[in-house]
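Okay, so here's the structure we're looking at.
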Amino acid sequence: MKTTKLWTRNFSLVIIASTIGTVGAIAGGFALAFLVFDETGSTLASALIVAIQLIPHLLLPVVIAPFMDRLPRKTFLVAGDAANAFVLAGMGLWLLFFDFSYIGYLAVSLMLACLGAVDELAFTSIYPELIPEGAKQKGYAVSSMLYPVLKVIMTPLAAVLLDTLGVAWILIAQSGLSLVATITESFIQLDETKRHNRTPYSLREWTCDIREAVRYLKEERGLRGIYEYMAVTNGVARGFSPILVAFFRTFPGFTVTMYSAFSVVEFAGRTIGSALQYRINIPDKKKYGFAFFVYQVYETMDMCLLWLPYPLMLLNRGICGFLGSNSAIMRSAAVQSYIPERLRSRINAFEGVLITAGSGVFALLMGFLGEILDYRLCLTIGGAIAMLASWILIWGRRKDVSMVYETEDVNVKQ
């Protein structure tokens, strides 16, 4: 059997650029997480920054996606990283020579979030085009390993840099890395001449493009089922974070250090899972069954997590990391192969908005439950909600959902 070469020129360039950009983003994000609290002493001020940064991810992708489907996506990717480098350099220089301004930081955070929303959509839409045919699963295995590996490496290094260099110089360094990523991406060779739209683009055409994507999603019960389930399970998982922090801070016999070990074992599980996906190809006919099995195990693990002895909690998180990584890689490869290339940016935008909105709603719900119920019971209820969603949206639409998983490297709806 002929093996498809994954590490082509374009794929290598996009992974190198992503690695460089991610290194800077992790270090810069770590520094900025401390900046606001150090300057204001207010958790509410920090929370407001997080809320502000969510707004562009709810609105901007849908607005920009029709343009991205008509114009070269590489331009959006390169220009977005270049603009990001410019803004970060400006912020770093400001902090070097002027006092911190909370209002100014709010404005810059909003600007960076806008650039991040566009860049994320551009990357999600162009990445499948840079993976050779027949190597989608391996390509997504590589990208899924990138962030957790760099997170483990860069987080302690970022802490050292924060103490030695300070926030301003970290941001300037991040700006330089963004610029290097921009230059690297510019060498990607992708034929996008068919999307060089030289005719005037009106509001009416934009509306027609949005309607076309909406009509497509209305017909795709399987794709909607996957997206809706992801919105529920991601939202519940996001709501678990403050519940877990509160549990380990207040429950007798547990400490914050014990909670921090969760990320280590989950990282290990995800890394092993991604490496396995890189080496082993699951047959298309078995992908749906495997995915549904993973969802059941994952939600069950969440339901029982805080009722277990601590060693079993760690094992629980390791298994979830391993299985979650496997299903995420498989789902990303299948979904991106299934969506028609001409609609990819718009459909990805709708997915991002739905998951962001769902995450916000269910995170608030979990926060509310945490105020009135035992923390252990909160996780059990959250896991049960996510499991019910998997039965309704994934099993209930199994014929349609399985069509998505069984369409590797073939666009059935061109």
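Simple scheme: letters A, B, ... for chains in structure tokens order, numbers from 1 for residues in each chain, numbers from 1 for ligands in the order shown.
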Long-range neighbours of A:Ile26 as an mmCIF file with N, CA, C and O atoms, in the first residue's frame, 9 Å cut-off, only C-alpha atoms, 5 positions minimum in chain:
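Below is the file that was written, selection25.cif:
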```cif
data_model
loop_
_atom_site.group_PDB
_atom_site.id
_atom_site.type_symbol
_atom_site.label_atom_id
_atom_site.label_comp_id
_atom_site.auth_asym_id
_atom_site.auth_seq_id
_atom_site.Cartn_x
_atom_site.Cartn_y
_atom_site.Cartn_z
ATOM 1 N N GLY A 21 4.521 31.047 16.037
ATOM 2 C CA GLY A 21 3.445 31.902 16.546
ATOM 3 C C GLY A 21 2.917 31.433 17.888
ATOM 4 O O GLY A 21 2.619 32.244 18.775
ATOM 5 N N ALA A 31 2.017 36.280 30.317
ATOM 6 C CA ALA A 31 2.399 37.578 30.886
ATOM 7 C C ALA A 31 1.194 38.495 31.044
ATOM 8 O O ALA A 31 1.026 39.162 32.075
ATOM 9 N N TYR A 147 0.081 22.446 20.299
ATOM 10 C CA TYR A 147 -0.202 23.353 21.415
ATOM 11 C C TYR A 147 0.101 22.734 22.787
ATOM 12 O O TYR A 147 0.789 23.365 23.603
ATOM 13 N N LEU A 150 3.938 22.509 23.349
ATOM 14 C CA LEU A 150 4.536 23.832 23.547
ATOM 15 C C LEU A 150 4.057 24.479 24.844
ATOM 16 O O LEU A 150 4.803 25.227 25.480
ATOM 17 N N LYS A 151 2.828 24.184 25.242
ATOM 18 C CA LYS A 151 2.292 24.727 26.497
ATOM 19 C C LYS A 151 3.106 24.252 27.690
ATOM 20 O O LYS A 151 3.461 25.030 28.583
ATOM 21 N N MET A 154 6.644 25.949 27.344
ATOM 22 C CA MET A 154 6.726 27.407 27.414
ATOM 23 C C MET A 154 6.183 28.009 28.704
ATOM 24 O O MET A 154 6.632 29.080 29.103
ATOM 25 N N THR A 155 5.234 27.352 29.359
ATOM 26 C CA THR A 155 4.634 27.963 30.554
ATOM 27 C C THR A 155 5.667 28.212 31.659
ATOM 28 O O THR A 155 5.753 29.333 32.188
ATOM 29 N N ALA A 158 7.949 30.928 30.437
ATOM 30 C CA ALA A 158 7.283 32.231 30.458
ATOM 31 C C ALA A 158 7.299 32.833 31.860
ATOM 32 O O ALA A 158 7.437 34.051 32.026
#
```
Leaving out stretch 63-74 of chain A and any residue of its chain fewer than 2 positions from it, which residues lie within 9 Å of it when counting only C-alpha atoms, given as a PDB file with N, CA and C atoms, in the first residue's frame?
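Saved result, part05.pdb, follows:
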```pdb
ATOM      1  N   LEU A  59     -19.081  37.460  16.759  1.00  0.00           N
ATOM      2  CA  LEU A  59     -19.612  38.295  15.675  1.00  0.00           C
ATOM      3  C   LEU A  59     -18.749  38.294  14.418  1.00  0.00           C
ATOM      4  N   LEU A  60     -17.448  38.473  14.582  1.00  0.00           N
ATOM      5  CA  LEU A  60     -16.574  38.727  13.435  1.00  0.00           C
ATOM      6  C   LEU A  60     -16.466  37.568  12.437  1.00  0.00           C
ATOM      7  N   PRO A  61     -16.357  36.311  12.889  1.00  0.00           N
ATOM      8  CA  PRO A  61     -16.213  35.227  11.912  1.00  0.00           C
ATOM      9  C   PRO A  61     -17.333  35.178  10.872  1.00  0.00           C
ATOM     10  N   PHE A  76      -5.411  36.604   4.127  1.00  0.00           N
ATOM     11  CA  PHE A  76      -5.968  36.859   5.461  1.00  0.00           C
ATOM     12  C   PHE A  76      -5.015  36.345   6.536  1.00  0.00           C
ATOM     13  N   LEU A  77      -4.442  35.161   6.300  1.00  0.00           N
ATOM     14  CA  LEU A  77      -3.547  34.555   7.291  1.00  0.00           C
ATOM     15  C   LEU A  77      -2.288  35.398   7.491  1.00  0.00           C
ATOM     16  N   VAL A  78      -1.650  35.770   6.389  1.00  0.00           N
ATOM     17  CA  VAL A  78      -0.402  36.536   6.452  1.00  0.00           C
ATOM     18  C   VAL A  78      -0.650  37.943   6.993  1.00  0.00           C
ATOM     19  N   ALA A  79      -1.680  38.607   6.458  1.00  0.00           N
ATOM     20  CA  ALA A  79      -1.980  39.980   6.896  1.00  0.00           C
ATOM     21  C   ALA A  79      -2.372  40.015   8.371  1.00  0.00           C
ATOM     22  N   VAL A 118     -10.047  36.417  13.231  1.00  0.00           N
ATOM     23  CA  VAL A 118      -9.822  36.328  11.778  1.00  0.00           C
ATOM     24  C   VAL A 118      -8.733  35.317  11.473  1.00  0.00           C
ATOM     25  N   LEU A 121      -9.930  31.686  11.987  1.00  0.00           N
ATOM     26  CA  LEU A 121     -10.803  31.259  10.896  1.00  0.00           C
ATOM     27  C   LEU A 121     -10.000  31.001   9.625  1.00  0.00           C
ATOM     28  N   ALA A 122      -9.049  31.888   9.326  1.00  0.00           N
ATOM     29  CA  ALA A 122      -8.214  31.718   8.134  1.00  0.00           C
ATOM     30  C   ALA A 122      -7.404  30.424   8.223  1.00  0.00           C
ATOM     31  N   PHE A 123      -6.815  30.165   9.390  1.00  0.00           N
ATOM     32  CA  PHE A 123      -6.005  28.963   9.564  1.00  0.00           C
ATOM     33  C   PHE A 123      -6.868  27.710   9.442  1.00  0.00           C
ATOM     34  N   SER A 125      -9.561  27.296   7.839  1.00  0.00           N
ATOM     35  CA  SER A 125     -10.060  27.125   6.478  1.00  0.00           C
ATOM     36  C   SER A 125      -8.966  26.754   5.482  1.00  0.00           C
ATOM     37  N   ILE A 126      -7.751  27.249   5.698  1.00  0.00           N
ATOM     38  CA  ILE A 126      -6.669  26.996   4.741  1.00  0.00           C
ATOM     39  C   ILE A 126      -5.885  25.726   5.080  1.00  0.00           C
ATOM     40  N   GLU A 185       4.905  32.110   6.529  1.00  0.00           N
ATOM     41  CA  GLU A 185       3.640  31.835   5.827  1.00  0.00           C
ATOM     42  C   GLU A 185       3.633  32.398   4.412  1.00  0.00           C
ATOM     43  N   SER A 186       4.349  33.486   4.200  1.00  0.00           N
ATOM     44  CA  SER A 186       4.358  34.113   2.874  1.00  0.00           C
ATOM     45  C   SER A 186       5.003  33.217   1.816  1.00  0.00           C
ATOM     46  N   ILE A 188       4.412  30.013   1.561  1.00  0.00           N
ATOM     47  CA  ILE A 188       3.484  28.945   1.188  1.00  0.00           C
ATOM     48  C   ILE A 188       2.998  29.173  -0.237  1.00  0.00           C
ATOM     49  N   LEU A 190       0.221  28.259  -2.789  1.00  0.00           N
ATOM     50  CA  LEU A 190      -1.116  27.693  -2.899  1.00  0.00           C
ATOM     51  C   LEU A 190      -1.854  28.385  -4.037  1.00  0.00           C
ATOM     52  N   ASP A 191      -2.370  27.619  -4.957  1.00  0.00           N
ATOM     53  CA  ASP A 191      -3.086  28.175  -6.100  1.00  0.00           C
ATOM     54  C   ASP A 191      -4.503  28.570  -5.675  1.00  0.00           C
ATOM     55  N   GLU A 192      -4.713  29.872  -5.489  1.00  0.00           N
ATOM     56  CA  GLU A 192      -6.029  30.383  -5.108  1.00  0.00           C
ATOM     57  C   GLU A 192      -6.555  31.366  -6.150  1.00  0.00           C
ATOM     58  N   THR A 193      -6.114  31.205  -7.402  1.00  0.00           N
ATOM     59  CA  THR A 193      -6.513  32.149  -8.466  1.00  0.00           C
ATOM     60  C   THR A 193      -8.020  32.145  -8.703  1.00  0.00           C
ATOM     61  N   LYS A 194      -8.662  31.005  -8.480  1.00  0.00           N
ATOM     62  CA  LYS A 194     -10.105  30.940  -8.718  1.00  0.00           C
ATOM     63  C   LYS A 194     -10.889  31.764  -7.703  1.00  0.00           C
ATOM     64  N   ARG A 195     -10.220  32.156  -6.595  1.00  0.00           N
ATOM     65  CA  ARG A 195     -10.910  32.982  -5.601  1.00  0.00           C
ATOM     66  C   ARG A 195     -10.478  34.436  -5.664  1.00  0.00           C
ATOM     67  N   HIS A 196      -9.790  34.828  -6.734  1.00  0.00           N
ATOM     68  CA  HIS A 196      -9.450  36.239  -6.913  1.00  0.00           C
ATOM     69  C   HIS A 196     -10.676  36.952  -7.487  1.00  0.00           C
ATOM     70  N   ASN A 197     -11.566  37.382  -6.614  1.00  0.00           N
ATOM     71  CA  ASN A 197     -12.822  38.009  -7.039  1.00  0.00           C
ATOM     72  C   ASN A 197     -12.596  39.496  -7.297  1.00  0.00           C
ATOM     73  N   TYR A 201     -18.154  43.732  -4.507  1.00  0.00           N
ATOM     74  CA  TYR A 201     -18.873  42.840  -3.591  1.00  0.00           C
ATOM     75  C   TYR A 201     -19.870  43.663  -2.784  1.00  0.00           C
ATOM     76  N   TRP A 206     -23.215  39.545  -0.149  1.00  0.00           N
ATOM     77  CA  TRP A 206     -22.805  39.039   1.164  1.00  0.00           C
ATOM     78  C   TRP A 206     -23.966  38.290   1.820  1.00  0.00           C
ATOM     79  N   THR A 207     -25.157  38.876   1.759  1.00  0.00           N
ATOM     80  CA  THR A 207     -26.349  38.241   2.334  1.00  0.00           C
ATOM     81  C   THR A 207     -26.646  36.916   1.639  1.00  0.00           C
ATOM     82  N   ASP A 209     -24.495  34.966   0.202  1.00  0.00           N
ATOM     83  CA  ASP A 209     -23.474  34.003   0.634  1.00  0.00           C
ATOM     84  C   ASP A 209     -23.812  33.412   1.997  1.00  0.00           C
ATOM     85  N   ILE A 210     -24.268  34.258   2.910  1.00  0.00           N
ATOM     86  CA  ILE A 210     -24.664  33.784   4.241  1.00  0.00           C
ATOM     87  C   ILE A 210     -25.857  32.836   4.129  1.00  0.00           C
ATOM     88  N   GLU A 341     -15.164  22.858  -0.180  1.00  0.00           N
ATOM     89  CA  GLU A 341     -14.109  23.872  -0.070  1.00  0.00           C
ATOM     90  C   GLU A 341     -14.656  25.284  -0.245  1.00  0.00           C
ATOM     91  N   ARG A 342     -15.617  25.469  -1.147  1.00  0.00           N
ATOM     92  CA  ARG A 342     -16.147  26.810  -1.441  1.00  0.00           C
ATOM     93  C   ARG A 342     -16.942  27.378  -0.261  1.00  0.00           C
ATOM     94  N   LEU A 343     -17.363  26.511   0.679  1.00  0.00           N
ATOM     95  CA  LEU A 343     -18.158  26.958   1.838  1.00  0.00           C
ATOM     96  C   LEU A 343     -17.386  26.876   3.150  1.00  0.00           C
ATOM     97  N   ARG A 344     -16.147  26.449   3.087  1.00  0.00           N
ATOM     98  CA  ARG A 344     -15.435  26.076   4.311  1.00  0.00           C
ATOM     99  C   ARG A 344     -15.330  27.210   5.326  1.00  0.00           C
ATOM    100  N   SER A 345     -15.000  28.416   4.887  1.00  0.00           N
ATOM    101  CA  SER A 345     -14.841  29.526   5.832  1.00  0.00           C
ATOM    102  C   SER A 345     -16.162  29.861   6.508  1.00  0.00           C
ATOM    103  N   ARG A 346     -17.246  29.874   5.727  1.00  0.00           N
ATOM    104  CA  ARG A 346     -18.547  30.230   6.301  1.00  0.00           C
ATOM    105  C   ARG A 346     -19.028  29.172   7.291  1.00  0.00           C
ATOM    106  N   ILE A 347     -18.881  27.900   6.948  1.00  0.00           N
ATOM    107  CA  ILE A 347     -19.329  26.840   7.846  1.00  0.00           C
ATOM    108  C   ILE A 347     -18.470  26.806   9.107  1.00  0.00           C
ATOM    109  N   ASN A 348     -17.159  26.980   8.954  1.00  0.00           N
ATOM    110  CA  ASN A 348     -16.289  27.042  10.134  1.00  0.00           C
ATOM    111  C   ASN A 348     -16.637  28.221  11.030  1.00  0.00           C
ATOM    112  N   ALA A 349     -17.038  29.327  10.399  1.00  0.00           N
ATOM    113  CA  ALA A 349     -17.438  30.511  11.181  1.00  0.00           C
ATOM    114  C   ALA A 349     -18.682  30.213  12.006  1.00  0.00           C
TER     115      ALA A 349
END
```
Residues flagged alpha helix (DSSP H) by DSSP in stretch 157-348 of chain A, as number ranges by chain: A: 157-164, 167-186, 203-219, 221-250, 256-279, 284-304, 310-338, 344-348
Ranking A:Phe368, A:Tyr140, A:Trp391, A:Phe248 by minimum distance to A:Ser325 and counting only C-alpha atoms, which one comes first? A:Tyr140
With distances taken over only C-alpha atoms, which residue among A:Phe98, A:Phe86, A:Trp7, A:Tyr229 lies nearest A:Tyr295?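 That would be A:Tyr229, the residue with the smallest distance to A:Tyr295.
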Please list as a PDB file with N, CA and C atoms, in the first residue's frame every residue within 12 Å of A:Arg398, counting only C-alpha atoms and excluding residues in the same chain fewer than 3 positions away.
```pdb
ATOM      1  N   ARG A 221     -28.011  17.403   8.704  1.00  0.00           N
ATOM      2  CA  ARG A 221     -28.360  17.032  10.074  1.00  0.00           C
ATOM      3  C   ARG A 221     -27.159  16.462  10.826  1.00  0.00           C
ATOM      4  N   GLY A 222     -26.329  15.718  10.132  1.00  0.00           N
ATOM      5  CA  GLY A 222     -25.169  15.123  10.783  1.00  0.00           C
ATOM      6  C   GLY A 222     -24.165  16.159  11.233  1.00  0.00           C
ATOM      7  N   LEU A 223     -23.860  17.100  10.352  1.00  0.00           N
ATOM      8  CA  LEU A 223     -22.921  18.163  10.680  1.00  0.00           C
ATOM      9  C   LEU A 223     -23.462  19.019  11.829  1.00  0.00           C
ATOM     10  N   ARG A 224     -24.759  19.340  11.770  1.00  0.00           N
ATOM     11  CA  ARG A 224     -25.374  20.125  12.858  1.00  0.00           C
ATOM     12  C   ARG A 224     -25.330  19.359  14.172  1.00  0.00           C
ATOM     13  N   GLY A 225     -25.555  18.057  14.103  1.00  0.00           N
ATOM     14  CA  GLY A 225     -25.511  17.248  15.325  1.00  0.00           C
ATOM     15  C   GLY A 225     -24.150  17.310  15.991  1.00  0.00           C
ATOM     16  N   ILE A 226     -23.096  17.207  15.178  1.00  0.00           N
ATOM     17  CA  ILE A 226     -21.733  17.283  15.718  1.00  0.00           C
ATOM     18  C   ILE A 226     -21.475  18.654  16.325  1.00  0.00           C
ATOM     19  N   LYS A 287     -15.058   4.746  12.358  1.00  0.00           N
ATOM     20  CA  LYS A 287     -14.825   6.033  13.008  1.00  0.00           C
ATOM     21  C   LYS A 287     -16.025   6.523  13.809  1.00  0.00           C
ATOM     22  N   TYR A 288     -17.231   6.380  13.258  1.00  0.00           N
ATOM     23  CA  TYR A 288     -18.416   6.849  13.989  1.00  0.00           C
ATOM     24  C   TYR A 288     -18.575   6.083  15.299  1.00  0.00           C
ATOM     25  N   GLY A 289     -18.471   4.749  15.229  1.00  0.00           N
ATOM     26  CA  GLY A 289     -18.627   3.941  16.437  1.00  0.00           C
ATOM     27  C   GLY A 289     -17.586   4.274  17.483  1.00  0.00           C
ATOM     28  N   ALA A 291     -15.989   7.171  17.801  1.00  0.00           N
ATOM     29  CA  ALA A 291     -16.271   8.511  18.322  1.00  0.00           C
ATOM     30  C   ALA A 291     -17.384   8.466  19.369  1.00  0.00           C
ATOM     31  N   PHE A 292     -18.462   7.754  19.077  1.00  0.00           N
ATOM     32  CA  PHE A 292     -19.581   7.678  20.025  1.00  0.00           C
ATOM     33  C   PHE A 292     -19.154   6.977  21.310  1.00  0.00           C
ATOM     34  N   SER A 390     -25.207  13.771  23.746  1.00  0.00           N
ATOM     35  CA  SER A 390     -24.570  12.843  22.805  1.00  0.00           C
ATOM     36  C   SER A 390     -25.559  11.801  22.299  1.00  0.00           C
ATOM     37  N   TRP A 391     -26.457  11.349  23.161  1.00  0.00           N
ATOM     38  CA  TRP A 391     -27.459  10.366  22.731  1.00  0.00           C
ATOM     39  C   TRP A 391     -28.474  10.990  21.778  1.00  0.00           C
ATOM     40  N   ILE A 392     -28.865  12.224  22.063  1.00  0.00           N
ATOM     41  CA  ILE A 392     -29.866  12.883  21.211  1.00  0.00           C
ATOM     42  C   ILE A 392     -29.259  13.321  19.880  1.00  0.00           C
ATOM     43  N   LEU A 393     -28.088  13.940  19.930  1.00  0.00           N
ATOM     44  CA  LEU A 393     -27.520  14.592  18.741  1.00  0.00           C
ATOM     45  C   LEU A 393     -26.586  13.694  17.932  1.00  0.00           C
ATOM     46  N   ILE A 394     -25.891  12.774  18.588  1.00  0.00           N
ATOM     47  CA  ILE A 394     -24.947  11.908  17.875  1.00  0.00           C
ATOM     48  C   ILE A 394     -25.580  10.540  17.568  1.00  0.00           C
ATOM     49  N   TRP A 395     -26.145   9.889  18.587  1.00  0.00           N
ATOM     50  CA  TRP A 395     -26.792   8.592  18.349  1.00  0.00           C
ATOM     51  C   TRP A 395     -28.136   8.770  17.649  1.00  0.00           C
ATOM     52  N   VAL A 401     -24.728  11.454  10.965  1.00  0.00           N
ATOM     53  CA  VAL A 401     -23.414  11.733  11.550  1.00  0.00           C
ATOM     54  C   VAL A 401     -22.368  10.773  10.996  1.00  0.00           C
ATOM     55  N   SER A 402     -22.743   9.504  10.837  1.00  0.00           N
ATOM     56  CA  SER A 402     -21.786   8.524  10.319  1.00  0.00           C
ATOM     57  C   SER A 402     -21.343   8.868   8.902  1.00  0.00           C
ATOM     58  N   MET A 403     -22.217   9.518   8.113  1.00  0.00           N
ATOM     59  CA  MET A 403     -21.831   9.948   6.761  1.00  0.00           C
ATOM     60  C   MET A 403     -20.666  10.932   6.801  1.00  0.00           C
ATOM     61  N   VAL A 404     -20.658  11.805   7.822  1.00  0.00           N
ATOM     62  CA  VAL A 404     -19.571  12.779   7.959  1.00  0.00           C
ATOM     63  C   VAL A 404     -18.257  12.060   8.274  1.00  0.00           C
ATOM     64  N   TYR A 405     -18.304  11.108   9.195  1.00  0.00           N
ATOM     65  CA  TYR A 405     -17.094  10.410   9.612  1.00  0.00           C
ATOM     66  C   TYR A 405     -16.560   9.466   8.538  1.00  0.00           C
ATOM     67  N   GLU A 406     -17.402   9.057   7.619  1.00  0.00           N
ATOM     68  CA  GLU A 406     -16.982   8.087   6.602  1.00  0.00           C
ATOM     69  C   GLU A 406     -16.593   8.753   5.293  1.00  0.00           C
TER      70      GLU A 406
END
```
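Proximity ranking of A:Cys304, A:Ile170, A:Cys320, A:Val335 relative to A:Ile381 places A:Cys304 first, based on only C-alpha atoms.
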Using only C-alpha atoms, which residues sit within 12 Å of A:Val87 once same-chain residues fewer than 3 positions away are excluded, as a PyMOL selection string? chain A and resi 80-84+90-94+105+107-116+171-172+174-176+178-179
Next, write the just-selected residues to a file, as a short mmCIF file (atom, residue, chain, number, x, y, z; two decimals), in the first residue's frame, keeping N, CA, C and O atoms as the atom set.
```
data_model
loop_
_atom_site.label_atom_id
_atom_site.label_comp_id
_atom_site.auth_asym_id
_atom_site.auth_seq_id
_atom_site.Cartn_x
_atom_site.Cartn_y
_atom_site.Cartn_z
N GLY A 80 -3.12 39.00 8.82
CA GLY A 80 -3.53 38.96 10.23
C GLY A 80 -2.35 38.84 11.17
O GLY A 80 -2.28 39.54 12.19
N ASP A 81 -1.38 37.99 10.82
CA ASP A 81 -0.20 37.84 11.68
C ASP A 81 0.68 39.09 11.64
O ASP A 81 1.28 39.47 12.66
N ALA A 82 0.75 39.73 10.48
CA ALA A 82 1.54 40.97 10.38
C ALA A 82 0.93 42.07 11.25
O ALA A 82 1.63 42.79 11.96
N ALA A 83 -0.40 42.21 11.17
CA ALA A 83 -1.09 43.21 11.99
C ALA A 83 -0.93 42.89 13.48
O ALA A 83 -0.75 43.79 14.31
N ASN A 84 -0.99 41.61 13.82
CA ASN A 84 -0.81 41.18 15.21
C ASN A 84 0.57 41.59 15.73
O ASN A 84 0.71 42.07 16.86
N GLY A 90 3.52 47.71 19.50
CA GLY A 90 3.03 48.98 20.04
C GLY A 90 2.70 48.88 21.52
O GLY A 90 3.04 49.78 22.31
N MET A 91 2.08 47.76 21.92
CA MET A 91 1.73 47.59 23.33
C MET A 91 2.99 47.47 24.18
O MET A 91 3.08 48.05 25.27
N GLY A 92 3.96 46.70 23.69
CA GLY A 92 5.20 46.53 24.44
C GLY A 92 5.95 47.84 24.61
O GLY A 92 6.43 48.15 25.71
N LEU A 93 6.03 48.63 23.54
CA LEU A 93 6.73 49.92 23.62
C LEU A 93 6.00 50.89 24.55
O LEU A 93 6.63 51.66 25.28
N TRP A 94 4.67 50.85 24.52
CA TRP A 94 3.90 51.71 25.43
C TRP A 94 4.21 51.39 26.88
O TRP A 94 4.44 52.29 27.70
N TYR A 105 -5.89 49.30 27.57
CA TYR A 105 -5.67 47.86 27.46
C TYR A 105 -6.95 47.15 27.00
O TYR A 105 -6.88 46.17 26.23
N ALA A 107 -9.15 48.37 24.96
CA ALA A 107 -9.23 48.63 23.52
C ALA A 107 -8.26 47.74 22.75
O ALA A 107 -8.62 47.15 21.71
N VAL A 108 -7.03 47.64 23.24
CA VAL A 108 -6.03 46.81 22.55
C VAL A 108 -6.42 45.33 22.63
O VAL A 108 -6.23 44.58 21.66
N SER A 109 -6.97 44.89 23.76
CA SER A 109 -7.42 43.51 23.89
C SER A 109 -8.51 43.19 22.88
O SER A 109 -8.52 42.11 22.29
N LEU A 110 -9.41 44.14 22.69
CA LEU A 110 -10.48 43.95 21.70
C LEU A 110 -9.89 43.85 20.30
O LEU A 110 -10.30 43.01 19.49
N MET A 111 -8.90 44.69 20.01
CA MET A 111 -8.25 44.67 18.70
C MET A 111 -7.53 43.33 18.47
O MET A 111 -7.64 42.72 17.40
N LEU A 112 -6.79 42.88 19.49
CA LEU A 112 -6.08 41.60 19.37
C LEU A 112 -7.05 40.43 19.23
O LEU A 112 -6.78 39.47 18.49
N ALA A 113 -8.18 40.51 19.93
CA ALA A 113 -9.19 39.45 19.83
C ALA A 113 -9.79 39.41 18.43
O ALA A 113 -10.07 38.33 17.89
N CYS A 114 -10.00 40.58 17.82
CA CYS A 114 -10.50 40.65 16.44
C CYS A 114 -9.52 40.00 15.48
O CYS A 114 -9.90 39.18 14.62
N LEU A 115 -8.24 40.36 15.63
CA LEU A 115 -7.21 39.76 14.78
C LEU A 115 -7.11 38.26 15.01
O LEU A 115 -6.95 37.48 14.06
N GLY A 116 -7.25 37.85 16.27
CA GLY A 116 -7.20 36.43 16.59
C GLY A 116 -8.35 35.65 15.99
O GLY A 116 -8.18 34.52 15.50
N LEU A 171 6.22 41.01 25.27
CA LEU A 171 5.32 41.39 24.17
C LEU A 171 6.11 41.79 22.92
O LEU A 171 5.72 41.47 21.79
N ILE A 172 7.22 42.48 23.12
CA ILE A 172 8.06 42.85 21.97
C ILE A 172 8.65 41.60 21.32
O ILE A 172 8.71 41.48 20.09
N GLN A 174 7.26 38.62 21.46
CA GLN A 174 6.13 37.98 20.78
C GLN A 174 5.85 38.63 19.43
O GLN A 174 5.53 37.95 18.45
N SER A 175 5.99 39.94 19.38
CA SER A 175 5.81 40.67 18.12
C SER A 175 6.82 40.19 17.08
O SER A 175 6.47 39.97 15.91
N GLY A 176 8.07 40.04 17.51
CA GLY A 176 9.10 39.55 16.60
C GLY A 176 8.80 38.16 16.09
O GLY A 176 8.98 37.86 14.89
N SER A 178 5.82 36.80 15.82
CA SER A 178 4.68 36.92 14.89
C SER A 178 5.15 37.36 13.51
O SER A 178 4.64 36.89 12.49
N LEU A 179 6.12 38.25 13.50
CA LEU A 179 6.67 38.72 12.22
C LEU A 179 7.40 37.59 11.49
O LEU A 179 7.27 37.43 10.27
#
```
Close residues, A:Phe11 itself excluded, 8 Å, only C-alpha atoms, min 4 positions apart in chain, as number ranges by chain: A: 6-7, 15, 130-131
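Non-sequential neighbours of stretch 252-254 of chain A (distance at most 12 Å, separation of 4 or more positions within a chain, only C-alpha atoms) are Leu244, Val245, Ala246, Phe247, Phe248, Met258, Tyr259, Ser260, Ala261, Leu306, Pro309, Tyr310, Pro311 and Met313 of chain A.
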Convert the current residue selection to file output with C-alpha atoms, as a PDB file, in the first residue's frame.
```pdb
ATOM      1  CA  LEU A 244     -12.676  22.215  40.095  1.00  0.00           C
ATOM      2  CA  VAL A 245     -10.705  25.200  41.410  1.00  0.00           C
ATOM      3  CA  ALA A 246     -13.267  25.706  44.187  1.00  0.00           C
ATOM      4  CA  PHE A 247     -13.285  21.985  45.057  1.00  0.00           C
ATOM      5  CA  PHE A 248      -9.503  21.681  45.360  1.00  0.00           C
ATOM      6  CA  MET A 258      -2.904  18.448  43.347  1.00  0.00           C
ATOM      7  CA  TYR A 259      -5.238  20.146  40.872  1.00  0.00           C
ATOM      8  CA  SER A 260      -2.302  21.368  38.774  1.00  0.00           C
ATOM      9  CA  ALA A 261      -1.264  17.724  38.272  1.00  0.00           C
ATOM     10  CA  LEU A 306     -14.735  14.074  42.053  1.00  0.00           C
ATOM     11  CA  PRO A 309      -9.778   8.740  45.307  1.00  0.00           C
ATOM     12  CA  TYR A 310      -7.096  11.135  44.058  1.00  0.00           C
ATOM     13  CA  PRO A 311      -4.906   8.528  42.266  1.00  0.00           C
ATOM     14  CA  MET A 313      -8.767  11.050  39.507  1.00  0.00           C
TER      15      MET A 313
END
```
Can you tell me, as an NGL selection string, what residues are no more than 12 Å from stretch 322-324 of chain A when counting only C-alpha atoms, ignoring any on the same chain fewer than 3 positions away? :A and (144-145 or 233-234 or 265-277 or 290-299 or 301 or 315-319 or 327-331)
Of the candidates A:Gln137, A:Thr356, A:Gln189, A:Leu217, which shows the shortest atom-to-atom distance to A:Gln53, using only C-alpha atoms?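 Nearest to A:Gln53: A:Thr356.
Taking atom CA of A:Pro340 as the reference point, atom CA of A:Ala181 is found at 28.0 Å.
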Return the single residue from A:Ile243, A:Val62, A:Val149, A:Met303 that is closest to A:Ile372, with distances computed using only C-alpha atoms.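 Ranking A:Ile243, A:Val62, A:Val149, A:Met303 by distance to A:Ile372, first place goes to A:Ile243.
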To one decimal place in Å, what is the distance between atom CA of A:Ala17 and atom CA of A:Thr124?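 Spanning atom CA of A:Ala17 to atom CA of A:Thr124 is a straight-line distance of 14.1 Å.
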